[in-house]
$ cat start30.json   # JSON, C-alpha atoms
[["chain", "number", "residue", "atom", "x", "y", "z"],
["A", 1, "MET", "CA", -0.28, -14.36, 15.25],
["A", 2, "ARG", "CA", -3.68, -15.76, 15.84],
["A", 3, "LYS", "CA", -5.61, -14.71, 12.71],
["A", 4, "PRO", "CA", -8.01, -17.20, 11.09],
["A", 5, "LEU", "CA", -7.51, -19.21, 7.93],
["A", 6, "VAL", "CA", -9.31, -22.18, 6.42],
["A", 7, "ALA", "CA", -6.82, -24.56, 8.05],
["A", 8, "ALA", "CA", -8.04, -23.58, 11.48],
["A", 9, "LEU", "CA", -11.64, -24.25, 10.45],
["A", 10, "LEU", "CA", -10.71, -27.63, 8.94],
["A", 11, "ALA", "CA", -8.92, -28.58, 12.13],
["A", 12, "LEU", "CA", -12.08, -27.93, 14.08],
["A", 13, "VAL", "CA", -14.21, -29.94, 11.67],
["A", 14, "ILE", "CA", -11.79, -32.87, 11.71],
["A", 15, "ALA", "CA", -11.76, -32.80, 15.50],
["A", 16, "GLY", "CA", -15.55, -32.86, 15.59],
["A", 17, "ALA", "CA", -15.72, -29.58, 17.44],
["A", 18, "GLY", "CA", -19.07, -28.67, 15.92],
["A", 19, "ALA", "CA", -20.22, -25.69, 13.90],
["A", 20, "ALA", "CA", -17.88, -22.73, 13.57],
["A", 21, "PRO", "CA", -18.44, -19.25, 12.17],
["A", 22, "ALA", "CA", -17.49, -18.51, 8.61],
["A", 23, "VAL", "CA", -13.81, -17.73, 8.29],
["A", 24, "ALA", "CA", -13.08, -14.22, 7.10],
["A", 25, "ALA", "CA", -10.95, -13.69, 4.02],
["A", 26, "PRO", "CA", -7.28, -13.13, 4.95],
["A", 27, "GLU", "CA", -6.20, -9.52, 5.01],
["A", 28, "SER", "CA", -3.08, -8.19, 3.32],
["A", 29, "ALA", "CA", -0.74, -9.00, 6.20],
["A", 30, "PRO", "CA", 0.55, -12.53, 6.90],
["A", 31, "ALA", "CA", -2.07, -14.65, 8.63],
["A", 32, "HIS", "CA", -1.87, -17.38, 11.22],
["A", 33, "VAL", "CA", -2.30, -20.95, 10.01],
["A", 34, "SER", "CA", -3.16, -23.52, 12.65],
["A", 35, "ALA", "CA", -2.76, -27.26, 12.23],
["A", 36, "GLN", "CA", -4.00, -27.91, 15.75],
["A", 37, "ALA", "CA", -7.56, -28.70, 16.72],
["A", 38, "VAL", "CA", -9.13, -26.92, 19.66],
["A", 39, "PRO", "CA", -9.12, -29.24, 22.68],
["A", 40, "ALA", "CA", -11.96, -29.59, 25.12],
["A", 41, "ASP", "CA", -11.86, -27.10, 27.97],
["A", 42, "THR", "CA", -9.73, -28.87, 30.57],
["A", 43, "GLY", "CA", -8.94, -26.13, 33.08],
["A", 44, "ALA", "CA", -9.95, -27.27, 36.57],
["A", 45, "ALA", "CA", -11.33, -24.24, 38.37],
["A", 46, "ALA", "CA", -11.23, -24.18, 42.15],
["A", 47, "PRO", "CA", -14.65, -23.74, 43.80],
["A", 48, "THR", "CA", -13.85, -20.13, 44.75],
["A", 49, "LEU", "CA", -13.07, -19.09, 41.18],
["A", 50, "GLN", "CA", -15.60, -17.34, 38.99],
["A", 51, "ALA", "CA", -17.12, -18.97, 35.93],
["A", 52, "VAL", "CA", -16.03, -16.74, 33.06],
["A", 53, "SER", "CA", -18.49, -16.47, 30.16],
["A", 54, "LEU", "CA", -18.53, -14.92, 26.69],
["A", 55, "ALA", "CA", -20.65, -11.96, 27.83],
["A", 56, "GLY", "CA", -19.04, -8.73, 26.67],
["A", 57, "THR", "CA", -16.80, -10.38, 24.10],
["A", 58, "VAL", "CA", -17.10, -9.45, 20.43],
["A", 59, "ALA", "CA", -16.47, -11.12, 17.10],
["A", 60, "LEU", "CA", -14.51, -9.14, 14.52],
["A", 61, "SER", "CA", -14.29, -10.06, 10.84],
["A", 62, "ASN", "CA", -10.92, -11.73, 11.41],
["A", 63, "CYS", "CA", -10.30, -11.78, 15.17],
["A", 64, "SER", "CA", -11.75, -11.70, 18.66],
["A", 65, "GLY", "CA", -12.14, -8.80, 21.08],
["A", 66, "SER", "CA", -14.09, -7.46, 24.04],
["A", 67, "VAL", "CA", -15.93, -4.38, 25.24],
["A", 68, "VAL", "CA", -13.71, -2.98, 27.99],
["A", 69, "ARG", "CA", -13.68, -0.19, 30.54],
["A", 70, "PHE", "CA", -11.06, 1.12, 32.93],
["A", 71, "PRO", "CA", -11.34, 1.62, 36.70],
["A", 72, "GLY", "CA", -11.99, 5.33, 36.10],
["A", 73, "SER", "CA", -14.47, 4.96, 33.23],
["A", 74, "ALA", "CA", -18.01, 6.32, 33.65],
["A", 75, "ASP", "CA", -21.18, 4.66, 32.39],
["A", 76, "THR", "CA", -21.79, 7.67, 30.15],
["A", 77, "ASP", "CA", -18.38, 7.39, 28.46],
["A", 78, "PRO", "CA", -18.11, 6.12, 24.88],
["A", 79, "ALA", "CA", -17.48, 2.39, 25.10],
["A", 80, "LEU", "CA", -14.20, 0.85, 23.95],
["A", 81, "VAL", "CA", -13.33, -2.44, 22.23],
["A", 82, "LEU", "CA", -9.95, -4.07, 22.85],
["A", 83, "SER", "CA", -8.30, -6.37, 20.31],
["A", 84, "ASN", "CA", -4.80, -6.89, 18.84],
["A", 85, "GLY", "CA", -2.69, -4.48, 16.84],
["A", 86, "HIS", "CA", -2.35, -7.15, 14.18],
["A", 87, "CYS", "CA", -6.16, -7.31, 13.92],
["A", 88, "LEU", "CA", -6.36, -3.71, 12.66],
["A", 89, "GLU", "CA", -8.47, -3.61, 9.49],
["A", 90, "THR", "CA", -5.89, -1.51, 7.62],
["A", 91, "GLY", "CA", -3.10, -4.05, 8.18],
["A", 92, "PHE", "CA", -0.29, -4.75, 10.62],
["A", 93, "PRO", "CA", 1.30, -1.60, 12.10],
["A", 94, "ASP", "CA", 5.01, -1.49, 11.27],
["A", 95, "PRO", "CA", 7.60, -1.86, 14.02],
["A", 96, "GLY", "CA", 7.80, 1.52, 15.75],
["A", 97, "GLU", "CA", 4.46, 2.67, 14.33],
["A", 98, "VAL", "CA", 1.71, 4.01, 16.61],
["A", 99, "ILE", "CA", -1.72, 4.86, 15.20],
["A", 100, "VAL", "CA", -3.91, 7.36, 17.05],
["A", 101, "GLY", "CA", -7.35, 8.70, 16.12],
["A", 102, "GLN", "CA", -7.65, 6.89, 12.81],
["A", 103, "ALA", "CA", -11.14, 6.96, 11.27],
["A", 104, "SER", "CA", -12.97, 3.65, 11.46],
["A", 105, "SER", "CA", -16.52, 2.40, 11.03],
["A", 106, "ARG", "CA", -15.68, -1.22, 11.80],
["A", 107, "THR", "CA", -18.47, -3.37, 13.21],
["A", 108, "PHE", "CA", -18.39, -5.90, 16.05],
["A", 109, "GLY", "CA", -20.80, -8.68, 16.93],
["A", 110, "LEU", "CA", -21.60, -8.38, 20.66],
["A", 111, "LEU", "CA", -22.08, -11.71, 22.42],
["A", 112, "ASN", "CA", -24.02, -12.68, 25.52],
["A", 113, "SER", "CA", -22.93, -15.28, 28.09],
["A", 114, "ALA", "CA", -24.08, -18.15, 25.85],
["A", 115, "GLY", "CA", -22.12, -16.84, 22.87],
["A", 116, "THR", "CA", -25.22, -15.64, 21.03],
["A", 117, "LYS", "CA", -24.87, -12.44, 19.02],
["A", 118, "VAL", "CA", -27.24, -9.87, 20.49],
["A", 119, "ALA", "CA", -26.14, -6.68, 18.72],
["A", 120, "THR", "CA", -23.86, -5.11, 16.16],
["A", 121, "LEU", "CA", -21.66, -2.36, 17.59],
["A", 122, "ARG", "CA", -19.82, 0.17, 15.44],
["A", 123, "ALA", "CA", -16.56, 2.03, 15.87],
["A", 124, "SER", "CA", -16.23, 5.77, 15.49],
["A", 125, "LYS", "CA", -12.42, 5.63, 15.39],
["A", 126, "VAL", "CA", -9.28, 3.71, 16.26],
["A", 127, "ALA", "CA", -8.30, 5.36, 19.52],
["A", 128, "TYR", "CA", -4.92, 3.60, 19.66],
["A", 129, "SER", "CA", -3.10, 0.82, 17.83],
["A", 130, "THR", "CA", 0.45, -0.52, 17.83],
["A", 131, "MET", "CA", 2.52, -3.68, 17.56],
["A", 132, "THR", "CA", 5.52, -2.08, 19.28],
["A", 133, "ASP", "CA", 6.25, -3.30, 22.85],
["A", 134, "THR", "CA", 2.71, -4.67, 22.92],
["A", 135, "ASP", "CA", 0.07, -5.81, 20.42],
["A", 136, "ILE", "CA", -3.16, -3.85, 20.92],
["A", 137, "THR", "CA", -5.87, -1.99, 19.09],
["A", 138, "ILE", "CA", -8.45, 0.02, 21.04],
["A", 139, "TYR", "CA", -11.55, 1.15, 19.16],
["A", 140, "GLN", "CA", -13.90, 3.87, 20.40],
["A", 141, "LEU", "CA", -17.55, 3.03, 19.74],
["A", 142, "THR", "CA", -20.51, 5.17, 18.75],
["A", 143, "THR", "CA", -22.40, 4.16, 21.89],
["A", 144, "THR", "CA", -21.88, 4.27, 25.67],
["A", 145, "TYR", "CA", -21.50, 1.58, 28.33],
["A", 146, "ALA", "CA", -24.88, 2.56, 29.78],
["A", 147, "ALA", "CA", -26.62, 2.24, 26.43],
["A", 148, "ILE", "CA", -25.14, -1.21, 25.84],
["A", 149, "ARG", "CA", -26.14, -2.42, 29.30],
["A", 150, "ASN", "CA", -29.63, -0.92, 29.13],
["A", 151, "SER", "CA", -30.32, -2.32, 25.67],
["A", 152, "TYR", "CA", -28.70, -5.74, 25.91],
["A", 153, "GLY", "CA", -28.05, -6.41, 29.60],
["A", 154, "ILE", "CA", -24.30, -6.75, 29.03],
["A", 155, "SER", "CA", -21.63, -4.95, 31.03],
["A", 156, "ALA", "CA", -18.12, -4.18, 29.82],
["A", 157, "LEU", "CA", -15.15, -6.13, 31.16],
["A", 158, "THR", "CA", -12.88, -4.10, 33.44],
["A", 159, "VAL", "CA", -9.17, -3.92, 32.63],
["A", 160, "GLN", "CA", -7.07, -4.61, 35.73],
["A", 161, "ASN", "CA", -4.52, -1.85, 36.39],
["A", 162, "THR", "CA", -1.97, -4.03, 38.22],
["A", 163, "HIS", "CA", 0.54, -6.52, 36.85],
["A", 164, "PRO", "CA", -0.76, -10.10, 36.50],
["A", 165, "VAL", "CA", 0.71, -12.83, 38.70],
["A", 166, "ALA", "CA", 2.24, -16.16, 37.68],
["A", 167, "GLY", "CA", 0.07, -19.13, 38.62],
["A", 168, "THR", "CA", -3.19, -17.20, 38.21],
["A", 169, "ALA", "CA", -6.08, -19.23, 36.78],
["A", 170, "ILE", "CA", -7.23, -17.55, 33.57],
["A", 171, "THR", "CA", -9.75, -17.88, 30.76],
["A", 172, "VAL", "CA", -9.08, -16.84, 27.16],
["A", 173, "ALA", "CA", -12.53, -15.91, 25.82],
["A", 174, "SER", "CA", -12.74, -15.98, 22.03],
["A", 175, "GLY", "CA", -15.68, -14.12, 20.52],
["A", 176, "TYR", "CA", -14.70, -15.23, 17.02],
["A", 177, "TRP", "CA", -14.95, -18.95, 17.83],
["A", 178, "LYS", "CA", -17.41, -18.49, 20.72],
["A", 179, "ARG", "CA", -15.11, -20.66, 22.83],
["A", 180, "LEU", "CA", -13.43, -20.51, 26.23],
["A", 181, "TYR", "CA", -9.90, -21.77, 26.96],
["A", 182, "ASN", "CA", -8.97, -22.37, 30.60],
["A", 183, "CYS", "CA", -5.41, -22.60, 31.90],
["A", 184, "SER", "CA", -2.98, -20.65, 34.11],
["A", 185, "ILE", "CA", -0.28, -18.03, 33.67],
["A", 186, "ASP", "CA", 2.92, -20.07, 33.44],
["A", 187, "GLY", "CA", 5.22, -17.05, 33.59],
["A", 188, "PHE", "CA", 6.43, -14.05, 31.64],
["A", 189, "ALA", "CA", 8.74, -13.57, 28.67],
["A", 190, "TYR", "CA", 11.16, -10.66, 29.14],
["A", 191, "ARG", "CA", 10.96, -10.10, 25.39],
["A", 192, "LEU", "CA", 8.86, -12.00, 22.86],
["A", 193, "LYS", "CA", 10.13, -11.67, 19.30],
["A", 194, "GLU", "CA", 8.10, -12.62, 16.22],
["A", 195, "GLY", "CA", 9.30, -11.65, 12.76],
["A", 196, "SER", "CA", 9.99, -7.90, 12.80],
["A", 197, "TRP", "CA", 8.08, -7.26, 16.03],
["A", 198, "THR", "CA", 9.23, -7.36, 19.65],
["A", 199, "TRP", "CA", 6.90, -7.33, 22.67],
["A", 200, "LYS", "CA", 7.82, -6.69, 26.29],
["A", 201, "ASP", "CA", 6.94, -8.72, 29.39],
["A", 202, "SER", "CA", 4.52, -11.05, 27.59],
["A", 203, "VAL", "CA", 2.27, -13.55, 29.37],
["A", 204, "ARG", "CA", 3.08, -17.21, 28.72],
["A", 205, "TYR", "CA", 0.24, -19.73, 29.19],
["A", 206, "THR", "CA", 0.40, -23.26, 30.47],
["A", 207, "SER", "CA", -0.19, -25.75, 27.65],
["A", 208, "ALA", "CA", -3.94, -26.17, 28.28],
["A", 209, "CYS", "CA", -4.63, -22.87, 26.48],
["A", 210, "ASN", "CA", -4.08, -24.30, 23.01],
["A", 211, "THR", "CA", -5.41, -21.26, 21.15],
["A", 212, "ILE", "CA", -5.79, -21.23, 17.36],
["A", 213, "GLY", "CA", -6.30, -18.79, 14.48],
["A", 214, "GLY", "CA", -9.18, -16.41, 15.18],
["A", 215, "THR", "CA", -8.48, -16.15, 18.91],
["A", 216, "SER", "CA", -6.31, -13.07, 18.35],
["A", 217, "GLY", "CA", -7.56, -10.20, 20.48],
["A", 218, "SER", "CA", -9.42, -12.39, 22.98],
["A", 219, "PRO", "CA", -9.50, -10.99, 26.51],
["A", 220, "VAL", "CA", -7.49, -12.98, 29.06],
["A", 221, "VAL", "CA", -9.63, -12.94, 32.19],
["A", 222, "ASP", "CA", -8.43, -13.58, 35.75],
["A", 223, "GLN", "CA", -10.88, -16.18, 37.06],
["A", 224, "SER", "CA", -10.65, -14.87, 40.63],
["A", 225, "THR", "CA", -11.56, -11.26, 39.80],
["A", 226, "GLY", "CA", -13.30, -11.39, 36.41],
["A", 227, "LYS", "CA", -10.96, -8.64, 35.18],
["A", 228, "VAL", "CA", -8.95, -8.50, 31.97],
["A", 229, "VAL", "CA", -5.21, -8.97, 32.60],
["A", 230, "ALA", "CA", -3.97, -9.48, 29.02],
["A", 231, "VAL", "CA", -4.97, -9.81, 25.38],
["A", 232, "ASN", "CA", -4.28, -13.08, 23.55],
["A", 233, "ASN", "CA", -2.03, -12.70, 20.51],
["A", 234, "THR", "CA", 0.27, -15.51, 19.37],
["A", 235, "GLY", "CA", 1.90, -18.91, 19.79],
["A", 236, "ASN", "CA", 4.79, -20.97, 18.46],
["A", 237, "GLU", "CA", 3.42, -23.45, 15.93],
["A", 238, "ASP", "CA", 6.31, -25.21, 14.27],
["A", 239, "GLY", "CA", 9.24, -24.82, 16.64],
["A", 240, "GLU", "CA", 10.91, -22.25, 14.40],
["A", 241, "ARG", "CA", 12.99, -19.50, 15.95],
["A", 242, "CYS", "CA", 11.56, -15.95, 16.07],
["A", 243, "THR", "CA", 9.64, -16.19, 12.76],
["A", 244, "VAL", "CA", 6.04, -15.16, 12.01],
["A", 245, "ASN", "CA", 3.71, -17.57, 13.87],
["A", 246, "ASN", "CA", 6.76, -18.89, 15.74],
["A", 247, "PRO", "CA", 7.67, -16.35, 18.43],
["A", 248, "CYS", "CA", 10.72, -16.91, 20.60],
["A", 249, "GLU", "CA", 11.49, -15.73, 24.12],
["A", 250, "VAL", "CA", 14.57, -13.55, 24.66],
["A", 251, "ASP", "CA", 15.83, -13.01, 28.21],
["A", 252, "ALA", "CA", 17.66, -9.97, 29.59],
["A", 253, "SER", "CA", 21.02, -11.51, 28.61],
["A", 254, "GLY", "CA", 19.93, -12.15, 25.04],
["A", 255, "ASN", "CA", 19.44, -15.90, 25.42],
["A", 256, "VAL", "CA", 16.73, -17.29, 23.12],
["A", 257, "THR", "CA", 14.21, -19.97, 24.10],
["A", 258, "VAL", "CA", 11.77, -21.62, 21.69],
["A", 259, "ARG", "CA", 8.68, -23.30, 23.15],
["A", 260, "GLN", "CA", 6.79, -25.10, 20.40],
["A", 261, "GLY", "CA", 3.05, -25.36, 21.03],
["A", 262, "ILE", "CA", 3.05, -22.69, 23.74],
["A", 263, "ASN", "CA", 0.87, -19.60, 23.40],
["A", 264, "TYR", "CA", 1.14, -16.03, 24.63],
["A", 265, "ALA", "CA", -0.69, -12.80, 25.45],
["A", 266, "GLU", "CA", 0.25, -9.16, 25.97],
["A", 267, "GLU", "CA", -0.35, -7.51, 29.31],
["A", 268, "THR", "CA", -2.96, -4.76, 29.56],
["A", 269, "TYR", "CA", -2.36, -3.26, 33.02],
["A", 270, "GLN", "CA", -0.48, -0.31, 31.47],
["A", 271, "ILE", "CA", -3.45, 0.84, 29.38],
["A", 272, "PRO", "CA", -5.70, 2.53, 32.00],
["A", 273, "ALA", "CA", -3.00, 5.08, 32.89],
["A", 274, "CYS", "CA", -3.09, 6.32, 29.28],
["A", 275, "PHE", "CA", -6.78, 7.27, 29.31],
["A", 276, "THR", "CA", -8.41, 10.13, 31.18],
["A", 277, "THR", "CA", -11.90, 11.54, 31.79],
["A", 278, "GLY", "CA", -14.38, 10.57, 29.11],
["A", 279, "ASN", "CA", -12.19, 7.65, 27.99],
["A", 280, "ARG", "CA", -9.98, 10.11, 26.15],
["A", 281, "LEU", "CA", -6.51, 8.94, 25.16],
["A", 282, "ALA", "CA", -3.82, 10.85, 27.08],
["A", 283, "LEU", "CA", -0.42, 9.44, 26.13],
["A", 284, "ASN", "CA", 1.42, 12.29, 27.87],
["A", 285, "GLN", "CA", -0.35, 11.65, 31.16],
["A", 286, "SER", "CA", 1.83, 10.76, 34.14],
["A", 287, "GLY", "CA", 2.27, 7.00, 34.40],
["A", 288, "CYS", "CA", 1.47, 6.27, 30.76],
["A", 289, "VAL", "CA", 4.19, 4.04, 29.27],
["A", 290, "LEU", "CA", 2.52, 2.98, 26.02],
["A", 291, "PRO", "CA", 4.57, 3.83, 22.91],
["A", 292, "LYS", "CA", 3.83, 7.25, 21.44],
["A", 293, "PRO", "CA", 3.57, 8.31, 17.77]]
$ encode --input "start30.json" --output "structure tokens"
Amino acid sequence: MRKPLVAALLALVIAGAGAAPAVAAPESAPAHVSAQAVPADTGAAAPTLQAVSLAGTVALSNCSGSVVRFPGSADTDPALVLSNGHCLETGFPDPGEVIVGQASSRTFGLLNSAGTKVATLRASKVAYSTMTDTDITIYQLTTTYAAIRNSYGISALTVQNTHPVAGTAITVASGYWKRLYNCSIDGFAYRLKEGSWTWKDSVRYTSACNTIGGTSGSPVVDQSTGKVVAVNNTGNEDGERCTVNNPCEVDASGNVTVRQGINYAEETYQIPACFTTGNRLALNQSGCVLPKP
């Protein structure tokens, strides 16, 4: 799970990657340790693809995230921040646990296209968080999309409401490291198992997206549409089988595949169906398949 530790920072320094933000103190849950340096961005975008930037991403104390909206969101709705379930400030949700409406005053550093912090946003609550079937936390903010755009000139990223497609050119945009990773969707894992947690239909990257600790919660953006299709969450570091920081793929027949050095994300197309007017969570709404409390 892509949470930051000093090892990730040292890897960047050794690789000569330049200045990096201060690494947050590890939280109570196990944290990701990366021995890999961040490579130069090597994704070759076709001329028709959009140049994805850091605008609308946020830096958390221990992870990355983004200000997101759904196809049905209104400018006057309270804005939302998307990150990982394992980035929740109160610790990793247990397998089977779903957190709804939990009080939060967490802050987020809002970035512009150049990766410069332009504002501090604040949560009013955790709208939804789980590490069951998926790995997401959605915070509701104290401000609206319109207020953010009018004050800082930054629009929210839209979450795509259809399943991503293999071969799609993507960018993983890390607000924590202020860095973009370009690659493609290699395919999908029927089940991705890591420690006690199991995720369904996870996105597998091609090897160019060599994400490290601190990239947890980064939006995965389709370069052809500019929309969010997944949220970055983990990768297999050491070649171990189904352990923390070493997820394994399990197919429909129960066969296990370990892909050392390959990284993953959790799809987000299911999320819009679980929110209604005013960006209110509606888990009992028709079409909503997210786990319920």
$ residues_around --input "start30.json" --residues "stretch 181-189 of chain A" --least-positions-apart "2" --cutoff "9 Å" --atoms "all atoms listed in the file" --output "ChimeraX atom specification"
/A:38-45,164-174,179,191-192,199-211,248-251,264
$ closest_residue --input "start30.json" --among "A:Val98, A:Thr90, A:Tyr176, A:Thr76" --to "A:Leu110" --atoms "all atoms listed in the file"
A:Tyr176
$ atom_distance --input "start30.json" --atom1 "atom CA of A:His86" --atom2 "atom CA of A:Thr215"
11.9 Å
$ residues_around --input "start30.json" --residues "A:Met1" --least-positions-apart "6" --cutoff "12 Å" --atoms "all atoms listed in the file" --output "number ranges by chain"
A: 29-34, 62-63, 84-87, 92, 131, 135, 193-195, 197, 211-217, 232-237, 242-247, 263-266
$ atom_distance --input "start30.json" --atom1 "atom CA of A:Ser104" --atom2 "atom CA of A:Leu82"
14.1 Å
$ residues_around --input "start30.json" --residues "A:Gly175" --least-positions-apart "2" --cutoff "12 Å" --atoms "all atoms listed in the file" --output "ChimeraX atom specification"
/A:20-21,53-67,82-83,108-117,172-173,177-181,214-220,232
$ atom_distance --input "start30.json" --atom1 "atom CA of A:Tyr128" --atom2 "atom CA of A:Gly101"
6.7 Å
$ closest_residue --input "start30.json" --among "A:Val68, A:Gly226, A:Ala147, A:Asp238" --to "A:Val258" --atoms "all atoms listed in the file"
A:Asp238
$ closest_residue --input "start30.json" --among "A:Ala252, A:Leu49, A:Leu290, A:Leu281" --to "A:Thr130" --atoms "all atoms listed in the file"
A:Leu290
$ residues_around --input "start30.json" --residues "A:Gly278" --least-positions-apart "3" --cutoff "12 Å" --atoms "only C-alpha atoms" --output "number ranges by chain"
A: 69-70, 72-80, 140, 144-145, 275, 281-282
$ closest_residue --input "start30.json" --among "A:Pro293, A:Gly91, A:Gly287, A:Gly239" --to "A:Ile262" --atoms "only C-alpha atoms"
A:Gly239
$ closest_residue --input "start30.json" --among "A:Val256, A:Asn161, A:Tyr190, A:Ile99" --to "A:Cys274" --atoms "only C-alpha atoms"
A:Asn161
$ axis_aligned_box --input "start30.json" --around "stretch 205-221 of chain A" --padding-each-side "6 Å" --output "lines of an AutoDock Vina configuration file"
center_x = -4.6
center_y = -18.2
center_z = 23.3
size_x = 22.0
size_y = 28.0
size_z = 29.7
$ closest_residue --input "start30.json" --among "A:Val229, A:Ala103, A:Leu157, A:Ile271" --to "A:Val289" --atoms "only C-alpha atoms"
A:Ile271
